[in-house]
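Next up, my_file.cif (mmCIF, C-alpha atoms):
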data_input
#
loop_
_atom_site.label_atom_id
_atom_site.label_comp_id
_atom_site.auth_asym_id
_atom_site.auth_seq_id
_atom_site.Cartn_x
_atom_site.Cartn_y
_atom_site.Cartn_z
CA MET U 1 -12.52 13.02 -0.35
CA LYS U 2 -15.90 11.34 0.21
CA ALA U 3 -14.93 7.68 -0.23
CA PRO U 4 -13.56 6.28 3.07
CA ILE U 5 -10.95 3.96 1.50
CA HIS U 6 -8.11 5.37 -0.62
CA SER U 7 -5.22 4.01 -2.67
CA ALA U 8 -1.54 4.91 -2.99
CA ALA U 9 -2.45 7.44 -5.69
CA ASP U 10 -4.20 9.49 -2.99
CA VAL U 11 -1.10 9.88 -0.78
CA PRO U 12 -0.50 13.55 -1.80
CA ALA U 13 -4.11 14.52 -1.00
CA LEU U 14 -4.06 12.61 2.28
CA ALA U 15 -0.77 14.23 3.25
CA ALA U 16 -2.27 17.65 2.55
CA ARG U 17 -5.17 16.74 4.83
CA LEU U 18 -2.70 15.90 7.62
CA ARG U 19 -0.81 19.19 7.17
CA ALA U 20 -4.15 21.02 7.42
CA GLY U 21 -4.90 19.38 10.79
CA GLY U 22 -7.07 16.49 9.63
CA LEU U 23 -6.97 12.81 10.54
CA VAL U 24 -5.96 9.94 8.24
CA ALA U 25 -5.96 6.22 9.00
CA PHE U 26 -2.97 4.50 7.43
CA PRO U 27 -1.39 1.04 7.25
CA THR U 28 1.68 -0.12 9.13
CA GLU U 29 3.26 -3.55 9.37
CA THR U 30 1.62 -4.00 12.81
CA VAL U 31 -1.96 -2.65 12.66
CA TYR U 32 -3.66 0.37 11.05
CA GLY U 33 -2.97 3.69 12.78
CA LEU U 34 -5.12 6.80 13.22
CA GLY U 35 -2.70 9.56 12.31
CA ALA U 36 -2.47 13.29 12.94
CA ASP U 37 0.28 15.91 12.86
CA ALA U 38 2.05 15.31 16.19
CA GLY U 39 2.84 19.02 16.48
CA ASN U 40 -0.75 20.20 16.07
CA ALA U 41 -2.58 20.12 19.42
CA ASP U 42 -6.04 20.41 17.85
CA ALA U 43 -5.31 17.55 15.45
CA VAL U 44 -3.98 15.34 18.26
CA LEU U 45 -7.02 16.19 20.38
CA ALA U 46 -9.18 14.97 17.49
CA ILE U 47 -7.48 11.55 17.78
CA TYR U 48 -8.52 11.27 21.42
CA GLU U 49 -12.05 12.46 20.65
CA THR U 50 -12.49 10.18 17.63
CA LYS U 51 -11.29 7.10 19.52
CA GLY U 52 -12.79 8.01 22.90
CA ARG U 53 -9.26 7.49 24.25
CA PRO U 54 -8.26 8.47 27.81
CA ARG U 55 -5.95 11.49 27.63
CA PHE U 56 -3.53 10.07 30.20
CA ASN U 57 -2.66 7.38 27.64
CA PRO U 58 0.26 8.64 25.49
CA LEU U 59 0.62 8.21 21.74
CA ILE U 60 3.41 6.84 19.56
CA VAL U 61 5.08 9.22 17.13
CA HIS U 62 5.74 7.71 13.71
CA VAL U 63 8.64 9.14 11.69
CA ALA U 64 10.17 8.44 8.29
CA ASP U 65 13.81 8.05 9.27
CA LEU U 66 16.33 8.34 12.09
CA ASP U 67 17.16 11.97 11.29
CA MET U 68 13.51 12.88 11.85
CA ALA U 69 13.44 10.87 15.08
CA ARG U 70 16.46 12.77 16.41
CA ARG U 71 14.47 16.03 16.16
CA PHE U 72 12.17 14.89 18.95
CA ALA U 73 14.03 12.47 21.22
CA ALA U 74 17.47 12.18 22.84
CA PHE U 75 19.30 9.09 21.59
CA SER U 76 21.90 7.60 23.89
CA PRO U 77 24.43 5.12 22.45
CA LEU U 78 22.18 2.31 23.72
CA ALA U 79 19.14 3.84 22.01
CA GLU U 80 21.14 4.24 18.79
CA ARG U 81 21.99 0.55 18.95
CA LEU U 82 18.34 -0.42 19.34
CA ALA U 83 17.43 1.94 16.50
CA THR U 84 19.37 -0.34 14.14
CA LEU U 85 16.25 -2.54 14.33
CA TRP U 86 14.26 0.16 12.51
CA PRO U 87 12.22 0.28 10.38
CA GLY U 88 10.18 -2.30 12.21
CA PRO U 89 7.62 -3.07 14.91
CA LEU U 90 9.65 -1.53 17.74
CA THR U 91 8.84 1.65 19.69
CA LEU U 92 11.52 3.31 21.81
CA VAL U 93 10.47 5.47 24.77
CA LEU U 94 13.20 8.08 25.09
CA PRO U 95 13.73 11.45 26.77
CA ARG U 96 11.81 14.14 24.90
CA LEU U 97 14.02 16.97 23.67
CA PRO U 98 13.20 20.31 25.34
CA ASP U 99 12.70 22.03 21.98
CA ALA U 100 10.78 19.16 20.35
CA GLN U 101 7.83 20.59 18.48
CA LEU U 102 5.30 18.05 19.73
CA SER U 103 1.93 18.60 21.33
CA ASP U 104 1.94 17.83 25.06
CA LEU U 105 -1.15 15.71 24.36
CA VAL U 106 1.10 13.26 22.48
CA THR U 107 3.24 12.56 25.54
CA ALA U 108 0.37 12.89 28.06
CA GLY U 109 2.52 15.38 29.99
CA LEU U 110 5.46 12.98 30.39
CA ASP U 111 9.08 13.99 29.76
CA THR U 112 9.51 11.00 27.44
CA VAL U 113 8.21 10.25 23.97
CA GLY U 114 7.49 6.93 22.25
CA ILE U 115 8.82 6.94 18.70
CA ARG U 116 9.27 4.47 15.85
CA ILE U 117 9.88 4.09 12.10
CA PRO U 118 7.16 1.84 10.63
CA ASN U 119 8.13 -0.81 8.11
CA HIS U 120 5.43 -0.17 5.52
CA PRO U 121 6.04 1.65 2.21
CA LEU U 122 2.75 3.55 2.26
CA ALA U 123 3.20 4.68 5.86
CA LEU U 124 6.66 5.99 5.05
CA ALA U 125 5.44 7.64 1.84
CA LEU U 126 2.62 9.38 3.74
CA ILE U 127 4.96 10.67 6.47
CA ARG U 128 7.51 11.91 3.94
CA GLU U 129 4.84 13.58 1.80
CA ALA U 130 3.30 15.26 4.85
CA GLY U 131 6.72 16.31 6.10
CA ARG U 132 5.47 15.93 9.66
CA PRO U 133 5.76 13.31 12.43
CA LEU U 134 2.48 11.46 12.84
CA ALA U 135 1.00 10.67 16.24
CA ALA U 136 -0.92 7.45 15.67
CA PRO U 137 -2.60 4.97 17.99
CA SER U 138 -4.52 2.06 16.47
CA ALA U 139 -7.40 3.18 14.23
CA ASN U 140 -10.28 1.81 16.32
CA PRO U 141 -12.56 2.90 19.16
CA SER U 142 -10.52 2.95 22.36
CA GLY U 143 -10.20 -0.42 24.06
CA LYS U 144 -11.65 -2.37 21.14
CA LEU U 145 -9.94 -4.77 18.76
CA SER U 146 -7.17 -3.24 16.68
CA PRO U 147 -7.80 -3.19 12.90
CA THR U 148 -5.54 -5.12 10.56
CA THR U 149 -7.36 -4.15 7.32
CA ALA U 150 -8.81 -0.94 5.90
CA GLU U 151 -12.29 -2.47 6.01
CA GLN U 152 -11.99 -3.08 9.76
CA VAL U 153 -11.09 0.59 10.26
CA VAL U 154 -14.31 1.61 8.53
CA GLN U 155 -16.28 -0.93 10.58
CA GLY U 156 -15.00 0.66 13.78
CA LEU U 157 -14.84 4.37 12.92
CA GLY U 158 -17.36 4.63 10.10
CA THR U 159 -16.73 7.08 7.27
CA ARG U 160 -15.49 9.96 9.45
CA VAL U 161 -11.83 9.33 8.63
CA PRO U 162 -10.29 8.52 5.23
CA VAL U 163 -8.30 5.28 5.19
CA LEU U 164 -5.19 4.63 3.10
CA ASP U 165 -5.48 0.99 2.07
CA GLY U 166 -2.23 -0.94 2.30
CA GLY U 167 -3.63 -4.46 2.46
CA ALA U 168 -3.66 -6.73 5.50
CA ALA U 169 -1.13 -5.92 8.21
CA GLU U 170 1.88 -8.23 8.11
CA SER U 171 2.52 -8.62 11.85
CA GLY U 172 -1.04 -8.33 13.14
CA VAL U 173 -0.14 -7.16 16.67
CA GLU U 174 1.20 -3.79 17.80
CA SER U 175 4.83 -2.85 18.20
CA THR U 176 7.00 -3.91 21.10
CA ILE U 177 7.65 -0.92 23.38
CA LEU U 178 11.02 -0.49 25.12
CA LYS U 179 11.95 2.28 27.54
CA VAL U 180 15.63 3.24 27.47
CA SER U 181 16.84 4.90 30.66
CA GLY U 182 20.58 5.12 31.22
CA ASP U 183 22.00 1.63 30.77
CA GLU U 184 18.64 -0.05 31.39
CA VAL U 185 16.15 -1.31 28.82
CA THR U 186 12.64 -2.15 30.06
CA GLN U 187 9.94 -3.77 27.96
CA LEU U 188 6.76 -1.82 28.63
CA ARG U 189 4.64 -3.77 26.16
CA ALA U 190 5.23 -7.09 24.44
CA GLY U 191 4.68 -6.85 20.71
CA ALA U 192 5.60 -7.96 17.24
CA PHE U 193 9.34 -7.81 17.93
CA ALA U 194 10.07 -10.81 20.15
CA ARG U 195 11.95 -10.01 23.36
CA ALA U 196 14.40 -12.84 22.69
CA ASP U 197 15.47 -11.19 19.42
CA ILE U 198 16.08 -7.88 21.19
CA GLU U 199 18.08 -9.61 23.90
CA ALA U 200 20.11 -11.38 21.23
CA LEU U 201 21.06 -8.01 19.73
CA LEU U 202 22.07 -6.58 23.11
CA GLY U 203 23.72 -9.75 24.39
CA HIS U 204 21.88 -9.68 27.72
CA ARG U 205 18.43 -9.93 29.29
CA ILE U 206 16.20 -6.88 29.53
CA LEU U 207 13.77 -5.86 32.24
CA VAL U 208 10.00 -6.33 31.95
CA ALA U 209 7.61 -3.78 33.44
CA ALA U 210 5.33 -5.03 36.19
CA ALA U 211 1.69 -5.57 35.32
CA ASN U 212 0.68 -2.69 37.61
CA ALA U 213 3.38 -0.30 36.40
CA GLU U 214 2.57 3.38 35.94
CA ILE U 215 1.21 4.04 32.44
CA SER U 216 4.04 5.50 30.40
CA ALA U 217 3.27 4.02 26.98
CA PRO U 218 0.27 2.84 24.95
CA GLY U 219 -1.18 -0.61 25.55
CA MET U 220 -0.53 -0.68 29.31
CA LEU U 221 -4.18 -0.42 30.42
CA ALA U 222 -5.37 -3.60 32.13
CA SER U 223 -8.44 -3.85 29.89
CA HIS U 224 -7.65 -3.24 26.24
CA TYR U 225 -7.98 -4.74 22.73
CA ALA U 226 -11.38 -6.09 23.74
CA PRO U 227 -14.09 -7.66 21.56
CA GLU U 228 -17.74 -7.36 22.56
CA ALA U 229 -17.76 -11.09 23.29
CA THR U 230 -16.49 -12.50 26.60
CA LEU U 231 -13.17 -14.36 26.31
CA ARG U 232 -12.12 -17.48 28.24
CA LEU U 233 -8.42 -18.23 27.87
CA ASP U 234 -6.37 -21.45 27.95
CA ALA U 235 -9.43 -23.48 27.02
CA ALA U 236 -8.84 -27.14 26.16
CA GLN U 237 -12.39 -27.39 24.81
CA PRO U 238 -15.24 -24.92 24.30
CA SER U 239 -18.48 -25.16 26.22
CA ALA U 240 -21.76 -25.44 24.32
CA ASP U 241 -22.30 -21.67 24.20
CA GLU U 242 -18.75 -20.72 23.14
CA ALA U 243 -17.05 -20.32 19.79
CA TRP U 244 -13.59 -21.90 19.89
CA LEU U 245 -10.51 -20.05 18.67
CA GLY U 246 -7.89 -22.72 18.20
CA PHE U 247 -4.12 -22.96 18.03
CA GLY U 248 -2.28 -26.03 16.82
CA ASN U 249 -4.19 -29.32 16.82
CA CYS U 250 -7.75 -28.22 17.62
CA PRO U 251 -10.27 -30.28 15.60
CA GLY U 252 -13.63 -28.57 15.52
CA ALA U 253 -12.32 -25.06 16.20
CA ALA U 254 -14.43 -22.35 14.55
CA LEU U 255 -11.18 -20.65 13.50
CA ASN U 256 -7.56 -21.61 14.09
CA LEU U 257 -4.84 -19.01 14.65
CA SER U 258 -2.32 -21.47 13.25
CA ALA U 259 -3.05 -25.16 12.73
CA SER U 260 0.70 -25.76 12.39
CA GLY U 261 1.49 -23.97 15.66
CA ASP U 262 3.34 -21.09 13.95
CA LEU U 263 3.35 -18.11 16.34
CA ARG U 264 4.03 -15.61 13.56
CA GLU U 265 0.97 -16.83 11.68
CA ALA U 266 -1.02 -16.72 14.92
CA ALA U 267 0.01 -13.11 15.57
CA ARG U 268 -1.01 -12.11 12.04
CA ASN U 269 -4.40 -13.77 12.49
CA LEU U 270 -5.19 -12.76 16.08
CA PHE U 271 -7.17 -9.54 15.69
CA ALA U 272 -8.69 -10.50 12.33
CA MET U 273 -10.07 -13.78 13.71
CA LEU U 274 -11.33 -12.13 16.90
CA HIS U 275 -13.10 -9.58 14.67
CA ASP U 276 -14.72 -12.45 12.70
CA LEU U 277 -15.86 -14.41 15.77
CA ASP U 278 -17.09 -11.27 17.51
CA ARG U 279 -19.71 -10.78 14.79
CA THR U 280 -21.60 -13.95 15.72
CA ALA U 281 -20.46 -15.16 19.15
CA LYS U 282 -21.18 -13.81 22.63
CA ARG U 283 -18.56 -16.03 24.25
CA ILE U 284 -15.21 -17.14 22.83
CA ALA U 285 -12.97 -19.88 24.22
CA VAL U 286 -9.31 -19.52 23.23
CA ALA U 287 -6.93 -22.46 23.08
CA PRO U 288 -3.64 -22.24 25.05
CA ILE U 289 -0.87 -20.27 23.35
CA PRO U 290 2.81 -20.92 24.21
CA HIS U 291 4.44 -18.03 26.09
CA HIS U 292 7.76 -17.99 24.24
CA GLY U 293 8.68 -15.73 21.29
CA LEU U 294 5.70 -13.91 19.81
CA GLY U 295 3.49 -15.91 22.14
CA GLU U 296 4.35 -13.33 24.80
CA ALA U 297 2.67 -10.58 22.75
CA ILE U 298 -0.30 -12.77 21.78
CA ASN U 299 -0.96 -13.75 25.39
CA ASP U 300 -0.57 -10.13 26.50
CA ARG U 301 -3.28 -9.02 24.05
CA LEU U 302 -5.55 -11.90 25.03
CA ALA U 303 -5.15 -11.20 28.75
CA ARG U 304 -6.06 -7.53 28.28
CA ALA U 305 -8.96 -8.47 25.99
CA ALA U 306 -10.30 -10.85 28.63
CA ALA U 307 -9.82 -8.46 31.59
CA PRO U 308 -12.90 -7.10 33.39
CA ARG U 309 -14.05 -3.80 31.93
CA GLY U 310 -14.42 -1.00 34.41
#
Let me see the structure of the file written as structure tokens.
Amino acid sequence: MKAPIHSAADVPALAARLRAGGLVAFPTETVYGLGADAGNADAVLAIYETKGRPRFNPLIVHVADLDMARRFAAFSPLAERLATLWPGPLTLVLPRLPDAQLSDLVTAGLDTVGIRIPNHPLALALIREAGRPLAAPSANPSGKLSPTTAEQVVQGLGTRVPVLDGGAAESGVESTILKVSGDEVTQLRAGAFARADIEALLGHRILVAAANAEISAPGMLASHYAPEATLRLDAAQPSADEAWLGFGNCPGAALNLSASGDLREAARNLFAMLHDLDRTAKRIAVAPIPHHGLGEAINDRLARAAAPRG
């Protein structure tokens, strides 16, 4: 398995690698994930070491179906209702079952676990073939831009990890993360599932975690998803030393997330265009993005990418 990028024909070999404790990068509808057997502590530790990820930052467990999910987390009636949105870009943080065969490194010592069913045929095929839940953060060095193509995974991680190529990610930003506790639903991270659509399913508003909330899910660090370049947000025009990342009507923009103002298109393009500009620019000005719908997730990623790095 010398070549870093692999096709669907290699799923059985890649699944065998996972069962043996190895790492595999794989596609989802959100971004590419760096996967390991969630029950194998050494394999999960290799995720943290490969990414340089802080070990207090928990991982999402990816499963093939609801029956597999029920082996690891306690589903209340409210959680079951939200699970009707699966497969899709939604992670539920639920009470971890006492007998769940998961490494404590996955949950970072918490009594909850983040779990989801990805909506990508190759991701599901890989999980089913492996027969194991896959712990998988984004397949990039910790804190850097998430990869939306197999080539971007190799750019970030080199040839250390084989990559299952599933084409460009459809959503382009990570999953929305909801914590279900009793009768309350709290959004811990905005993502590719718009909060308004979740509220429409439930018939009521949901809570939103404070910016300084205790870290109980991935993507809650203040500085995250960062390019090497410095970002300036809500820029009406770029300065002379800035590349301009546009949205909507932005003549002269180096790249435009969506010239038509389509937030779904902008989400798909966000990380890919930041990757492209980061190769040549030291400073990037980003046009204003509306805060409704998927704009909430886009602005969340941009704010964390622009945050001071400590």
For this structure, which residues satisfy the selection - the PyMOL selection byres ((chain U and resi 19) around 9) - when it is evaluated on the file as given? I want them as a list in words. Leu14, Ala15, Ala16, Arg17, Leu18, Ala20, Gly21, Gly22, Ala36, Asp37, Asn40, Ala130, Gly131 and Arg132 of chain U
Find the spatial neighbours of Ala306 in chain U, counting all atoms listed in the file, within a cut-off of 7 Å - ignore same-chain residues fewer than 3 positions away - and output them as a count of residues only. 6
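Non-sequential neighbours of range 81-83 of chain U (distance at most 10 Å, separation of 3 or more positions within a chain, all atoms listed in the file) are Leu66, Ala69, Phe75, Ser76, Pro77, Leu78, Trp86, Pro87, Gly88, Leu90, Thr91, Leu92, Arg116, Ile117, Leu178, Val180, Val185, Ile198, Leu201 and Leu202 of chain U.
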Can you spell out as a list of chain:residue names the set of residues that the PyMOL selection byres ((chain U and resi 197) around 12) selects in the structure I just provided? U:Leu82, U:Leu85, U:Leu90, U:Thr176, U:Gly191, U:Ala192, U:Phe193, U:Ala194, U:Arg195, U:Ala196, U:Ile198, U:Glu199, U:Ala200, U:Leu201, U:Leu202, U:Gly203, U:His204, U:Arg205, U:Ile206, U:His292, U:Gly293, U:Leu294
Where does the PyMOL selection byres ((chain U and resi 140-145) around 9) land in this file, that is, which residues does it pick, as an MDAnalysis selection string? chainID U and resid 32:34 48 50:54 137:139 146:147 152:157 221 223:228 271:272 274:275 305
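Nearest to Arg128 in chain U of all the residues U:Gly295, U:Gly39, U:Pro12, U:Gly109 is U:Pro12, based on all atoms listed in the file.
When all atoms listed in the file are used to compute distances to Gly158 in chain U, the closest of the residues U:Gly252, U:Ser181, U:Ala9, U:Ala25 turns out to be U:Ala25.
Take the candidates U:Asn119, U:Asp99, U:Asp183, U:Ala267 and check each one against Pro290 in chain U using only C-alpha atoms; the shortest distance goes to U:Ala267.
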Which distance in Å separates CA of Ile298 in chain U and CA of Val173 in chain U, to one decimal? 7.6 Å
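Residues in contact with Thr107 in chain U at up to 8 Å, not including ones fewer than 6 positions away on its chain and judged by all atoms listed in the file, are Pro58, Leu59, Val113 and Gly114 of chain U.
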Pick the closest to Glu129 in chain U from U:Ala236, U:Ala64, U:Arg264, U:Asp165: which is it, counting all atoms listed in the file? U:Ala64
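Going from CA of Ala281 in chain U over to CA of Leu255 in chain U, you cover 12.2 Å.
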